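Undergrad: Structure provided below as structure tokens; questions to follow.
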Amino acid sequence: MDTIVVGAGIAGITAARLLHAAGQRVVVLEARDRVGGRIRTDRTAGFCVDRGASWIHGLTGNPLTGLVAALAMETHEFTVGSFQAGGRPIADYDESRRLLDDQAARQWTVDVDTADDLFQTTIADSGHDESYAAAAERALARTGWEPERAERVRAFYRHRTEEQCGAEAEEVAAHALDEDAIEGDEVIFPGGYDVLPRALAEGLDVRLGTTVTAVTRSATGVRVDTQDGSFEAAHVIVTVPLGVLKAGAIEFTPALPDSVAGPIARLGMGVFNKVFLQFPDRFWQDGIYAIRQHGQASVPWHSWYDVSAVSGKPMLLTFAGGAWGREIEQKTDEEVVSSVLHSLRKIYGDLVPRPVAHWITRWGIDPLALGSYSYVAVGSSHADHDAMAGPVDGVLHFAGEATWGREPSTVHGALHSGHRAAERILGSPISLAGLAQGVNPSR
Ligand SMILES: Cc1cc2nc3c(=O)[nH]c(=O)nc-3n(C[C@H](O)[C@H](O)[C@H](O)COP(=O)(O)OP(=O)(O)OC[C@H]3O[C@@H](n4cnc5c(N)ncnc54)[C@H](O)[C@@H]3O)c2cc1C
């Protein structure tokens with residue numbers, strides 16, 4: 001065997017496909033009974049519910065754009081995936097649950113832009129030890145706004161790190177979202193995101209239900225132990241989520257050097273969960289992308305996204321990130337649904353019926369993820385992401401969203417990291433265009 005890939009998420013499948021196309025003998029070992037990892041489409045209701053990733057965060061310059069076109073995947077424009085304040089119609093509600101009129105909504109997006117500009121200049125000289133919360137306070141202090149106006153932006157900033165990082169603003173580094181620029185529109189997939197990893201995995205030797213427990217390296221190669229026996233190869237690419245590495249679920253011998261173990265310890269693994277509610281009827285406004293509650297009334301639920309176009313049913317999606325995301329994992333489905341309805345009824349009153357169905361994720365307690373995605377925690381930096389990739393002793397490589405500093409916590413970041421690992425193993429550049437070759441658009 002030339003290369004063993006651990007994990008059949010988008011990073012692992014990308015690396016394996018590129019190496020396979022270059023003539024290598026590759027095996028992919030995956031603990032789950034499916035490929036895709038944190039891309040997971042639930043079709044049990046007869047339509048698609050993406051329980052993991054939903055969005056392409058920016059079509060411009062994104063390798064996913066060409067792949068999705070090659071696979072003829074249906075897309076739906078939905079450019080609010082990155083917690084924007086404006087840009088697309090959003091029904092914004094103030095602390096008293098009054099709908100902001102057009103002028104007030106425009107002023108709100110201007111306020112966020114103003115605060116963001118001040119935030120950027122505030123953190124220009126900030127080190128690794130300042131938190132996003134502390135930097136936000138310094139920026140807000142420079143606005144001179146009255147308390148209520150500043151509080152709205154403060155609450156928005158808190159929800160931004162909960163959504164983008166799965167962590168509280170106090171846990172996240174001031175620089176964590178520096179890379180977070182979305183180029184072009186965002187889209188979601190009525191036919192399910194998992195079409196992509198499933199198509200890319202076609203023709204590969206993927207061993208499902210195979211849990212890796214240990215990786216031993218020597219001067220000449222690697223041995224990978226699973227519950228069903230061992231595999232040997234010249235190289236291994238480990239793509240398991242950062243949460244799994246932090247938990248020590250795979251034993252590395254010799255122990256990982258500080259250059260890799262340090263970033264694994266320093267970076268954070270956030271929790272970000274989804275709650276989909278399918279209603280018998282639509283009770284919210286037509287023509288909006290999202291409903292957003294502002295200010296102190298925005299705790300614990302603040303944003304609801306109209307994803308009816310995906311399912312063809314009246315459906316809202318809301319998120320729970322950071323501490324609240326971990327907390328809901330301990331609650332029953334009924335408790336979570338009731339809590340969401342309680343917040344929605346404060347806005348829409350008795351118009352809000354009982355949902356006919358719901359879907360709630362719990363990525364933080366999923367033993368094969370142990371979190372939703374990585375983030376730059378206080379004390380770490382984006383360089384830690386890339387340092388984590390190794391290679392170690394020329395034979396042990398890491399890939400996955402947590403190893404890609406420019407765009408961690410995304411599908412395209414994971415894809416880029418798989419591409420980089422494949423190039424390092426081959427020792428020469430590989431065109432990413434090759435990924436789309438031979439994919440089957442009929443799926
Ligand atoms: C709720 C949620 C929403 C998201 N939304 C978006 C979005 O809209 N857009 C976006 O771009 N990104 C989004 N993301 C992030 C995106 O899903 C991930 O960044 C990306 O899918 C990670 O791919 P990966 O290959 O790095 O890891 P994974 O997909 O996690 O793949 C790693 C694989 O390793 C396997 N594994 C774990 N342990 C072992 C073991 N011991 N042995 C063998 N196999 C093992 C796992 O089962 C998994 O299949 C979201 C994530 C979540 C959780």
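How things are named: the first chain in the structure tokens is A, the next is B, and so on; residues count from 1 in each chain; ligands count from 1 in the order shown.
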Could you make a table, as a tab-separated table, of the residues of segment 349-396 of chain A that have an atom within 12 Å of an atom of segment 322-329 of chain A, each with its nearest atom pair and distance in Å to one decimal, counting only C-alpha atoms, in chain and number order?
TA:
```
residue	atom	partner	partner_atom	distance
A:Ile360	CA	A:Glu329	CA	8.9
A:Thr361	CA	A:Glu329	CA	8.0
A:Arg362	CA	A:Glu329	CA	5.5
A:Trp363	CA	A:Glu329	CA	8.4
A:Gly364	CA	A:Arg326	CA	6.6
A:Ile365	CA	A:Glu329	CA	7.4
A:Asp366	CA	A:Glu329	CA	10.2
A:Leu370	CA	A:Arg326	CA	10.8
A:Gly371	CA	A:Arg326	CA	9.2
A:Ser372	CA	A:Gly325	CA	10.0
A:Tyr373	CA	A:Gly322	CA	11.1
A:Ser374	CA	A:Gly322	CA	11.8
A:Tyr375	CA	A:Gly322	CA	11.3
```
Undergrad: Selected residues, C-alpha atoms, written as a PDB file, in the first residue's frame, please.
TA:
```pdb
ATOM      1  CA  ILE A 360     -31.740  18.358  16.277  1.00  0.00           C
ATOM      2  CA  THR A 361     -28.010  17.709  15.966  1.00  0.00           C
ATOM      3  CA  ARG A 362     -25.588  16.868  18.781  1.00  0.00           C
ATOM      4  CA  TRP A 363     -22.125  17.085  17.207  1.00  0.00           C
ATOM      5  CA  GLY A 364     -20.330  17.736  20.503  1.00  0.00           C
ATOM      6  CA  ILE A 365     -21.174  14.300  21.871  1.00  0.00           C
ATOM      7  CA  ASP A 366     -20.731  12.461  18.572  1.00  0.00           C
ATOM      8  CA  LEU A 370     -16.443  15.578  19.417  1.00  0.00           C
ATOM      9  CA  GLY A 371     -17.331  19.042  18.193  1.00  0.00           C
ATOM     10  CA  SER A 372     -18.444  20.807  15.061  1.00  0.00           C
ATOM     11  CA  TYR A 373     -15.366  22.663  13.842  1.00  0.00           C
ATOM     12  CA  SER A 374     -12.094  24.145  15.029  1.00  0.00           C
ATOM     13  CA  TYR A 375     -11.371  27.755  15.931  1.00  0.00           C
TER      14      TYR A 375
END
```
Undergrad: Near Ala45 of chain A, within 12 Å and counting only C-alpha atoms, which residues show up once chain neighbours fewer than 2 positions away are dropped, as a list in words?
TA: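 Those residues are Thr41, Asp42, Arg43, Phe47, Cys48, Val49, Asp50, Gln278, Ser311, Gly312, Lys313, Val356, Ala357, His358 and Trp359 of chain A.
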Undergrad: Could you work out how far atom CA of Ser343 of chain A lies from atom CA of Val110 of chain A, giving the answer in Å with one decimal?
TA: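 Distance reported for this atom pair: 26.4 Å.
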Undergrad: Please identify all polymer residues within 10 Å of Pro241 of chain A, counting only C-alpha atoms, omitting same-chain residues fewer than 5 positions from it, and present them as a PyMOL selection string.
TA: chain A and resi 7+9+37-38+246+269+368-374+399-403
Undergrad: Create the file for the chosen residues now, containing N, CA, C and O atoms and written as a compact mmCIF listing (two decimals), in the first residue's frame.
TA:
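Just written: out.txt:
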```txt
# COMPACT_ATOMS: atom_id res chain seq x y z
N GLY A 7 -10.20 8.41 7.74
CA GLY A 7 -11.33 9.34 7.72
C GLY A 7 -11.80 9.60 6.29
O GLY A 7 -11.01 9.94 5.42
N GLY A 9 -14.15 11.89 5.34
CA GLY A 9 -14.80 13.19 5.15
C GLY A 9 -14.24 13.80 3.87
O GLY A 9 -13.51 13.15 3.11
N GLY A 37 -18.50 12.29 6.65
CA GLY A 37 -18.17 12.86 7.96
C GLY A 37 -19.14 13.96 8.37
O GLY A 37 -20.34 13.71 8.53
N ARG A 38 -18.61 15.17 8.50
CA ARG A 38 -19.45 16.29 8.93
C ARG A 38 -20.28 16.88 7.78
O ARG A 38 -20.95 17.90 7.96
N LYS A 246 -7.81 15.60 20.08
CA LYS A 246 -7.66 16.14 21.45
C LYS A 246 -7.99 15.08 22.50
O LYS A 246 -7.38 15.02 23.56
N MET A 269 -11.93 23.44 19.76
CA MET A 269 -12.93 22.70 18.97
C MET A 269 -14.30 23.19 19.43
O MET A 269 -14.68 22.98 20.59
N LEU A 368 -17.23 10.48 17.01
CA LEU A 368 -16.35 10.55 15.83
C LEU A 368 -16.17 11.98 15.33
O LEU A 368 -15.61 12.21 14.26
N ALA A 369 -16.66 12.93 16.10
CA ALA A 369 -16.47 14.35 15.78
C ALA A 369 -16.00 15.12 17.02
O ALA A 369 -15.05 15.87 16.99
N LEU A 370 -16.72 14.89 18.14
CA LEU A 370 -16.44 15.58 19.42
C LEU A 370 -16.32 17.09 19.22
O LEU A 370 -15.39 17.74 19.70
N GLY A 371 -17.28 17.61 18.47
CA GLY A 371 -17.33 19.04 18.19
C GLY A 371 -17.74 19.25 16.75
O GLY A 371 -17.87 18.29 15.98
N SER A 372 -17.95 20.50 16.40
CA SER A 372 -18.44 20.81 15.06
C SER A 372 -17.33 21.28 14.14
O SER A 372 -17.22 20.83 13.00
N TYR A 373 -16.54 22.23 14.61
CA TYR A 373 -15.37 22.66 13.84
C TYR A 373 -14.39 23.40 14.75
O TYR A 373 -14.73 23.79 15.86
N SER A 374 -13.17 23.57 14.23
CA SER A 374 -12.09 24.14 15.03
C SER A 374 -12.16 25.67 14.99
O SER A 374 -12.79 26.26 14.11
N ALA A 399 -4.61 16.12 7.74
CA ALA A 399 -5.44 16.99 6.91
C ALA A 399 -6.79 17.12 7.60
O ALA A 399 -7.04 16.49 8.63
N GLY A 400 -7.66 17.93 7.02
CA GLY A 400 -8.96 18.21 7.65
C GLY A 400 -9.08 19.70 7.89
O GLY A 400 -8.08 20.43 7.89
N GLU A 401 -10.33 20.13 8.12
CA GLU A 401 -10.57 21.57 8.25
C GLU A 401 -9.67 22.24 9.27
O GLU A 401 -9.25 23.37 9.09
N ALA A 402 -9.33 21.53 10.35
CA ALA A 402 -8.55 22.14 11.43
C ALA A 402 -7.11 22.40 11.02
O ALA A 402 -6.37 23.10 11.73
N THR A 403 -6.68 21.86 9.87
CA THR A 403 -5.28 22.01 9.46
C THR A 403 -5.12 23.07 8.36
O THR A 403 -4.04 23.21 7.79
```
Undergrad: Write out as a list in words each polymer residue whose atoms come within 10 Å of segment 297-302 of chain A, counting only C-alpha atoms; drop sequence neighbours fewer than 2 positions from it.
TA: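 Surrounding residues, per the criterion: Asp92, Tyr93, Asp94, Glu95, Ser96, Arg97, Arg152, Ala155, Phe156, His159, Ile291, Arg292, Gln293, His294, Gly295, Trp304, Thr318, Phe319, Ala320, Gly321, Trp324, Gly325, Ser339, Val340, Leu341, His342, Ser343, Leu344 and Lys346 of chain A.
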Undergrad: Would you mind telling me which residue in A:Gly61, A:Gly438, A:Tyr305, A:Asp205 lies nearest to Gln285 of chain A when using only C-alpha atoms?
TA: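 Nearest candidate to Gln285 of chain A out of A:Gly61, A:Gly438, A:Tyr305, A:Asp205: A:Tyr305.
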Undergrad: Atom CA of Gly405 of chain A and atom CA of Tyr157 of chain A are how many Å apart?
TA: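 Going from atom CA of Gly405 of chain A over to atom CA of Tyr157 of chain A covers 21.5 Å.
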Undergrad: Taking the DSSP assignment computed from this structure's backbone, write out as a PyMOL selection string all residues of segment 25-201 of chain A that belong to helix (DSSP H, G or I).
TA: chain A and resi 63-70+102-125+132-141+147-164+195-201
Undergrad: Which polymer residues have any atom within 7 Å of an atom of segment 128-131 of chain A, counting only C-alpha atoms, with same-chain residues fewer than 5 positions away left out, as a JSON list (two decimals) with N, CA, C and O atoms, in the first residue's frame?
TA:
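part_19.json, freshly written:
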```json
[["chain", "number", "residue", "atom", "x", "y", "z"],
["A", 169, "ALA", "N", -17.29, 34.36, 22.88],
["A", 169, "ALA", "CA", -16.36, 35.43, 22.47],
["A", 169, "ALA", "C", -15.16, 35.51, 23.43],
["A", 169, "ALA", "O", -14.07, 35.93, 23.02],
["A", 170, "GLU", "N", -15.33, 35.09, 24.68],
["A", 170, "GLU", "CA", -14.20, 35.10, 25.63],
["A", 170, "GLU", "C", -13.19, 33.99, 25.32],
["A", 170, "GLU", "O", -12.03, 34.07, 25.71],
["A", 171, "GLU", "N", -13.64, 32.92, 24.67],
["A", 171, "GLU", "CA", -12.75, 31.78, 24.37],
["A", 171, "GLU", "C", -11.98, 31.97, 23.06],
["A", 171, "GLU", "O", -10.96, 31.35, 22.82],
["A", 172, "VAL", "N", -12.54, 32.82, 22.19],
["A", 172, "VAL", "CA", -12.04, 32.95, 20.83],
["A", 172, "VAL", "C", -11.01, 34.08, 20.77],
["A", 172, "VAL", "O", -11.19, 35.12, 21.40],
["A", 173, "ALA", "N", -9.94, 33.88, 19.99],
["A", 173, "ALA", "CA", -8.92, 34.93, 19.86],
["A", 173, "ALA", "C", -9.44, 36.10, 19.03],
["A", 173, "ALA", "O", -10.26, 35.92, 18.13],
["A", 174, "ALA", "N", -8.94, 37.29, 19.35],
["A", 174, "ALA", "CA", -9.38, 38.50, 18.63],
["A", 174, "ALA", "C", -9.19, 38.34, 17.12],
["A", 174, "ALA", "O", -9.99, 38.82, 16.33],
["A", 378, "VAL", "N", -8.08, 31.68, 22.25],
["A", 378, "VAL", "CA", -7.14, 32.62, 22.89],
["A", 378, "VAL", "C", -5.83, 31.87, 23.15],
["A", 378, "VAL", "O", -5.86, 30.75, 23.66],
["A", 379, "GLY", "N", -4.72, 32.45, 22.75],
["A", 379, "GLY", "CA", -3.41, 31.80, 22.95],
["A", 379, "GLY", "C", -2.94, 31.04, 21.72],
["A", 379, "GLY", "O", -1.81, 30.55, 21.70],
["A", 380, "SER", "N", -3.80, 30.91, 20.70],
["A", 380, "SER", "CA", -3.36, 30.23, 19.47],
["A", 380, "SER", "C", -3.44, 31.20, 18.30],
["A", 380, "SER", "O", -3.84, 32.36, 18.46],
["A", 381, "SER", "N", -3.04, 30.71, 17.13],
["A", 381, "SER", "CA", -3.06, 31.59, 15.95],
["A", 381, "SER", "C", -3.41, 30.75, 14.72],
["A", 381, "SER", "O", -3.40, 29.52, 14.77]]
```
Undergrad: Which is closest to ligand 1 among A:Ala201, A:Ile10, A:Ile188, A:Leu432, if we use only C-alpha atoms and all ligand atoms?
TA: A:Ile10
Undergrad: Let me make sure I understand: among A:Leu59, A:Ala433, A:Ala11, A:Leu316, which one has the smallest atom-to-atom distance to ligand 1 if we use only C-alpha atoms and all ligand atoms?
TA: A:Ala11
Undergrad: For atom CA of Ser428 of chain A and atom CA of Ala383 of chain A, quote the distance in Å rounded to one decimal.
TA: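 It comes out at 22.9 Å.
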Undergrad: Let me make sure I understand: among A:Ala124, A:Ile56, A:Ala290, A:Leu277, which one has the smallest atom-to-atom distance to ligand 1 if we use only C-alpha atoms and all ligand atoms?
TA: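 Nearest to ligand 1: A:Ile56.
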Undergrad: Find the residue from A:Pro147, A:Gly270, A:Gly86, A:Pro441 that sits nearest to Val195 of chain A; use only C-alpha atoms when measuring.
TA: A:Pro441
Undergrad: Residues near Ser82 of chain A, anyone? I mean within 8 Å using only C-alpha atoms, not counting same-chain ones fewer than 2 positions away, as a PyMOL selection string.
TA: chain A and resi 57+79-80+84+164+182
